[in-house]
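To start, the structure under review is shown below, and the notes come after it.
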Amino acid sequence: MLDVRKLRMLSALERLGTIAAVAEELTLTAPGVSMQLSALERELGMQLTERQGRRVALTAAGRALAVHGHEILDRITLAELELDALRSGTVGRYTLSAFPSAARTILADACRRLIAEGDSALDLRIRTDEPDEALAALNTGAVDLALIHSYSNVPRELPRGVTTRTIGREPVWLAVRRSGGPDAAPASTRLEDYAAHPWVVPAAGFTCADMVERACGLAGFRPRVVAESLDFGVQLEMVAAGMGVALVPDLTVDRLPDGVELVR
């Protein structure tokens with residue numbers, strides 16, 4: 001197998017013309033360059049250089065190999081540049097997964113900025129998954145990046161080897177139907193005061209449902225569920241209709257229906 005370092009010296013000699021110039025460009029000594037070129041000749045069993053007076057010139061075999069060397073070194077340089085770009089995240093194909101409310105807000109805003117800049121070589125594929133599904137896809141390599149959420153009262157266990165970075169925190173609001181006119185008493189900010197209310201909750205089996213169950217449990221009651229939906233927009237409409245109250249993360253509130261109040 002050809003030694004790329006020695007091939008670089010041979011190609012430089014073809015381009016620069018003298019051993020001294022090669023040594024200066026590669027920050028080596030002239031004897032060191034000569035020794036490496038001699039070693040390359042021994043490895044290949046072929047004469048690549050010859051003396052012409054006081055200078056060293058390439059033989060026909062040396063010139064032929066030097067031409068290939070230029071092409072090989074150009075490809076290596078291109079590969080190094082592409083790897084640097086991939087490390088910095090400026091080129092390449094990536095598949096991203098995000099939970100729906102983050103995809104609608106955080107991820108959509110990021111894509112909007114990339115498209116507006118117009119100079120990115122990123123080839124993005126976007127999919128929406130609940131966090132458990134996203135982590136499973138990340139673990140198998142089906143996605144390269146997963147934007148997930150967790151709640152303070154529902155710790156999330158991450159697969160081994162997954163690294164994380166927190167990009168933000170959001171409050172969870174209690175959505176209640178606004179009662180009375182402007183002189184009406186403000187809604188209670190104590191969750192235990194809603195123990196007797198009917199509740200609109202996320203579908204069972206999802207982290208959001210666990211969050212509601214645990215929050216109510218810490219407040220000393222089990223919610224009386226009258227409606228279930230993973231769509232928080234649907235939950236807010238149910239609250240507006242008077243069906244009950246709901247706990248909704250801030251990112252999920254795209255539009256607040258008339259008559260609904262958010263209580264921290």
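Naming scheme: A, B, ... for chains in displayed order of the structure tokens; residues 1 onward per chain; ligands 1 onward as shown.
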Inset, instruction - Would you mind listing what lies within 10 Å of Val248 of chain A as a list in words, with only C-alpha atoms counted and same-chain residues fewer than 6 positions away left out? - result: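 Once the nearby chain positions are removed, what remains is Pro171, Val172, Trp173, Leu174, Ala175, Val201, Pro202, Cys208, Val212, Phe232, Gly233, Gln235, Leu236 and Leu262 of chain A.
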Saved selection, atoms kept: all heavy atoms, as an mmCIF file, in the first residue's frame:
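Output file result-v4.cif is given in full below:
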data_model
loop_
_atom_site.group_PDB
_atom_site.id
_atom_site.type_symbol
_atom_site.label_atom_id
_atom_site.label_comp_id
_atom_site.auth_asym_id
_atom_site.auth_seq_id
_atom_site.Cartn_x
_atom_site.Cartn_y
_atom_site.Cartn_z
ATOM 1 N N PRO A 171 -43.100 26.558 31.476
ATOM 2 C CA PRO A 171 -44.060 26.270 32.550
ATOM 3 C C PRO A 171 -45.184 25.372 32.049
ATOM 4 O O PRO A 171 -45.448 25.286 30.847
ATOM 5 C CB PRO A 171 -44.588 27.660 32.916
ATOM 6 C CG PRO A 171 -44.474 28.436 31.647
ATOM 7 C CD PRO A 171 -43.238 27.936 30.957
ATOM 8 N N VAL A 172 -45.822 24.711 32.977
ATOM 9 C CA VAL A 172 -47.057 23.983 32.695
ATOM 10 C C VAL A 172 -48.195 24.780 33.330
ATOM 11 O O VAL A 172 -48.155 25.093 34.523
ATOM 12 C CB VAL A 172 -47.017 22.548 33.263
ATOM 13 C CG1 VAL A 172 -48.370 21.866 33.089
ATOM 14 C CG2 VAL A 172 -45.916 21.737 32.569
ATOM 15 N N TRP A 173 -49.195 25.130 32.521
ATOM 16 C CA TRP A 173 -50.304 25.952 32.994
ATOM 17 C C TRP A 173 -51.518 25.097 33.348
ATOM 18 O O TRP A 173 -51.731 24.036 32.741
ATOM 19 C CB TRP A 173 -50.744 26.940 31.909
ATOM 20 C CG TRP A 173 -49.674 27.864 31.415
ATOM 21 C CD1 TRP A 173 -48.900 27.700 30.302
ATOM 22 C CD2 TRP A 173 -49.272 29.103 32.007
ATOM 23 N NE1 TRP A 173 -48.031 28.749 30.156
ATOM 24 C CE2 TRP A 173 -48.236 29.637 31.193
ATOM 25 C CE3 TRP A 173 -49.669 29.813 33.139
ATOM 26 C CZ2 TRP A 173 -47.611 30.846 31.472
ATOM 27 C CZ3 TRP A 173 -49.042 31.018 33.424
ATOM 28 C CH2 TRP A 173 -48.035 31.524 32.603
ATOM 29 N N LEU A 174 -52.301 25.583 34.282
ATOM 30 C CA LEU A 174 -53.616 25.001 34.534
ATOM 31 C C LEU A 174 -54.620 25.799 33.711
ATOM 32 O O LEU A 174 -54.747 27.019 33.878
ATOM 33 C CB LEU A 174 -53.985 25.085 36.011
ATOM 34 C CG LEU A 174 -55.375 24.549 36.370
ATOM 35 C CD1 LEU A 174 -55.425 23.037 36.174
ATOM 36 C CD2 LEU A 174 -55.756 24.928 37.801
ATOM 37 N N ALA A 175 -55.271 25.141 32.784
ATOM 38 C CA ALA A 175 -56.258 25.805 31.933
ATOM 39 C C ALA A 175 -57.643 25.643 32.569
ATOM 40 O O ALA A 175 -58.093 24.518 32.821
ATOM 41 C CB ALA A 175 -56.249 25.198 30.528
ATOM 42 N N VAL A 201 -57.519 15.257 30.097
ATOM 43 C CA VAL A 201 -56.125 14.829 30.251
ATOM 44 C C VAL A 201 -55.595 14.227 28.947
ATOM 45 O O VAL A 201 -56.365 13.864 28.051
ATOM 46 C CB VAL A 201 -55.997 13.789 31.383
ATOM 47 C CG1 VAL A 201 -56.484 14.363 32.705
ATOM 48 C CG2 VAL A 201 -56.751 12.507 31.036
ATOM 49 N N PRO A 202 -54.265 14.078 28.830
ATOM 50 C CA PRO A 202 -53.696 13.371 27.680
ATOM 51 C C PRO A 202 -54.064 11.892 27.719
ATOM 52 O O PRO A 202 -54.452 11.367 28.765
ATOM 53 C CB PRO A 202 -52.182 13.569 27.858
ATOM 54 C CG PRO A 202 -52.043 14.744 28.774
ATOM 55 C CD PRO A 202 -53.232 14.682 29.683
ATOM 56 N N CYS A 208 -47.067 12.718 29.161
ATOM 57 C CA CYS A 208 -47.910 13.852 29.558
ATOM 58 C C CYS A 208 -49.022 13.398 30.502
ATOM 59 O O CYS A 208 -49.390 14.132 31.436
ATOM 60 C CB CYS A 208 -48.502 14.521 28.320
ATOM 61 S SG CYS A 208 -47.268 15.267 27.236
ATOM 62 N N VAL A 212 -49.703 14.620 34.575
ATOM 63 C CA VAL A 212 -50.954 15.058 35.189
ATOM 64 C C VAL A 212 -51.287 14.187 36.395
ATOM 65 O O VAL A 212 -51.651 14.683 37.470
ATOM 66 C CB VAL A 212 -52.100 15.026 34.161
ATOM 67 C CG1 VAL A 212 -53.437 15.357 34.837
ATOM 68 C CG2 VAL A 212 -51.821 15.991 33.016
ATOM 69 N N PHE A 232 -53.295 19.000 22.590
ATOM 70 C CA PHE A 232 -53.587 19.989 23.623
ATOM 71 C C PHE A 232 -54.528 21.080 23.131
ATOM 72 O O PHE A 232 -55.215 21.716 23.930
ATOM 73 C CB PHE A 232 -52.285 20.590 24.157
ATOM 74 C CG PHE A 232 -51.518 19.657 25.046
ATOM 75 C CD1 PHE A 232 -50.502 18.864 24.535
ATOM 76 C CD2 PHE A 232 -51.825 19.562 26.395
ATOM 77 C CE1 PHE A 232 -49.810 17.990 25.353
ATOM 78 C CE2 PHE A 232 -51.137 18.688 27.227
ATOM 79 C CZ PHE A 232 -50.125 17.892 26.708
ATOM 80 N N GLY A 233 -54.579 21.289 21.823
ATOM 81 C CA GLY A 233 -55.573 22.211 21.269
ATOM 82 C C GLY A 233 -56.981 21.704 21.523
ATOM 83 O O GLY A 233 -57.889 22.486 21.859
ATOM 84 N N GLN A 235 -57.757 19.723 24.025
ATOM 85 C CA GLN A 235 -57.973 19.874 25.470
ATOM 86 C C GLN A 235 -58.446 21.288 25.818
ATOM 87 O O GLN A 235 -59.382 21.461 26.602
ATOM 88 C CB GLN A 235 -56.673 19.565 26.218
ATOM 89 C CG GLN A 235 -56.262 18.096 26.192
ATOM 90 C CD GLN A 235 -55.093 17.828 27.116
ATOM 91 O OE1 GLN A 235 -54.999 18.406 28.192
ATOM 92 N NE2 GLN A 235 -54.201 16.937 26.703
ATOM 93 N N LEU A 236 -57.820 22.287 25.228
ATOM 94 C CA LEU A 236 -58.203 23.671 25.515
ATOM 95 C C LEU A 236 -59.624 23.957 25.055
ATOM 96 O O LEU A 236 -60.378 24.680 25.723
ATOM 97 C CB LEU A 236 -57.216 24.637 24.852
ATOM 98 C CG LEU A 236 -55.818 24.690 25.483
ATOM 99 C CD1 LEU A 236 -54.881 25.511 24.616
ATOM 100 C CD2 LEU A 236 -55.879 25.254 26.898
ATOM 101 N N LEU A 262 -55.316 30.791 31.698
ATOM 102 C CA LEU A 262 -54.172 29.980 32.085
ATOM 103 C C LEU A 262 -53.665 30.429 33.448
ATOM 104 O O LEU A 262 -53.371 31.604 33.653
ATOM 105 C CB LEU A 262 -53.050 30.088 31.053
ATOM 106 C CG LEU A 262 -53.369 29.578 29.639
ATOM 107 C CD1 LEU A 262 -52.158 29.724 28.733
ATOM 108 C CD2 LEU A 262 -53.853 28.137 29.670
#
So that I can see what lies close to Leu16 of chain A, please list as a compact mmCIF listing (two decimals) with N, CA, C and O atoms, in the first residue's frame the residues with an atom at most 12 Å from it, counting only C-alpha atoms and leaving out residues fewer than 6 positions away in the same chain.
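Full text of around29.txt as output:
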# COMPACT_ATOMS: atom_id res chain seq x y z
N ARG A 8 3.06 12.35 -0.94
CA ARG A 8 2.96 13.82 -0.89
C ARG A 8 4.31 14.46 -1.24
O ARG A 8 4.37 15.46 -1.95
N MET A 9 5.41 13.88 -0.75
CA MET A 9 6.73 14.41 -1.04
C MET A 9 7.06 14.28 -2.53
O MET A 9 7.61 15.19 -3.15
N LEU A 10 6.71 13.12 -3.10
CA LEU A 10 6.99 12.89 -4.53
C LEU A 10 6.20 13.88 -5.38
O LEU A 10 6.75 14.46 -6.34
N VAL A 22 10.86 21.28 -1.54
CA VAL A 22 9.93 20.34 -0.89
C VAL A 22 10.13 20.37 0.62
O VAL A 22 9.17 20.43 1.40
N ALA A 23 11.37 20.35 1.05
CA ALA A 23 11.67 20.36 2.48
C ALA A 23 11.14 21.63 3.13
O ALA A 23 10.57 21.59 4.24
N GLU A 24 11.31 22.76 2.47
CA GLU A 24 10.83 24.03 3.03
C GLU A 24 9.31 24.05 3.14
O GLU A 24 8.76 24.49 4.16
N GLU A 25 8.61 23.56 2.11
CA GLU A 25 7.15 23.59 2.13
C GLU A 25 6.58 22.66 3.20
O GLU A 25 5.59 22.99 3.86
N LEU A 26 7.20 21.50 3.37
CA LEU A 26 6.69 20.51 4.32
C LEU A 26 7.33 20.62 5.70
O LEU A 26 7.06 19.78 6.56
N VAL A 56 17.91 16.66 -8.38
CA VAL A 56 17.21 15.39 -8.49
C VAL A 56 15.96 15.60 -9.33
O VAL A 56 15.18 16.52 -9.08
N ALA A 57 15.77 14.74 -10.35
CA ALA A 57 14.60 14.84 -11.23
C ALA A 57 13.81 13.54 -11.13
O ALA A 57 14.31 12.51 -10.67
N LEU A 58 12.59 13.59 -11.58
CA LEU A 58 11.73 12.40 -11.57
C LEU A 58 11.94 11.60 -12.84
O LEU A 58 12.11 12.16 -13.94
N ALA A 66 3.52 10.67 -9.56
CA ALA A 66 3.26 12.00 -9.00
C ALA A 66 1.92 12.55 -9.48
O ALA A 66 1.20 13.20 -8.72
Inset, instruction - Name the residues of segment 72-260 of chain A that fall into strand (DSSP E or B) according to DSSP on the backbone, using the chain letters and numbers of this document, as a PyMOL selection string. - result: chain A and resi 91-98+121-128+145-147+151+154+172-177+198-201+224-228+245-249+260
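Closest approach to Arg42 of chain A among A:Val245, A:Leu2, A:Val263, A:Ala227: A:Leu2, based on only C-alpha atoms.
Separating atom CA of Leu7 of chain A from atom CA of Arg54 of chain A is a distance of 22.7 Å.
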Inset, instruction - Identify, with DSSP run on backbone atoms, the residues in segment 16-254 of chain A assigned to helix (DSSP H, G or I), and express the list as a ChimeraX atom specification. - result: /A:16,19-26,30-44,60-88,100-117,131-140,191-194,207-218,232-240,250-252
Legend entry - Option closest in space to Ile76 of chain A, from A:Ala195, A:Val4, A:Leu114, A:Leu251 [counting only C-alpha atoms]: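 Counting only C-alpha atoms, the residue closest to Ile76 of chain A is A:Val4.
Considering the residues A:Leu96, A:Ala110, A:Arg177, A:Val154 and counting only C-alpha atoms, Ala142 of chain A has its shortest atom-to-atom contact with A:Leu96.
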Legend entry - Nearest to Asp254 of chain A, chosen from A:His149, A:Pro100, A:Arg15, A:Ala64, with only C-alpha atoms counted in the distances: A:Pro100
Legend entry - Counting only C-alpha atoms, the option among A:Ala204, A:Pro198, A:Glu43, A:Gly242 closest to Arg224 of chain A: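 The shortest atom-to-atom distance to Arg224 of chain A comes from A:Pro198.
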Legend entry - Spatial neighbours of Glu133 of chain A, 12 Å, only C-alpha atoms, chain gap at least 5 places, as JSON, numbers by chain: {"A": [97, 98, 99, 127, 128, 138, 139, 140, 142, 143, 146, 147, 148, 149, 158, 159, 206, 207]}
Inset, instruction - Choose the residue, out of A:Ser34, A:Arg55, A:Ser229, A:Leu247, that has the smallest atom-to-atom separation from Ala203 of chain A; count only C-alpha atoms. - result: A:Ser229
Inset, instruction - Name all residues at most 9 Å from Gln36 of chain A (count only C-alpha atoms; drop same-chain ones fewer than 3 positions away) and give them as a ChimeraX atom specification. - result: /A:5-6,9,31-33,39-41
Inset, instruction - Could you give me, as a list in words, the residues within 10 Å of Ser188 of chain A, counting only C-alpha atoms and dropping anything in the same chain fewer than 3 positions from it? - result: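 Residues near the query, excluding close chain neighbours: Leu174, Val176, Ala185, Leu191, Glu192, Asp193, Tyr194, Val263 and Arg264 of chain A.
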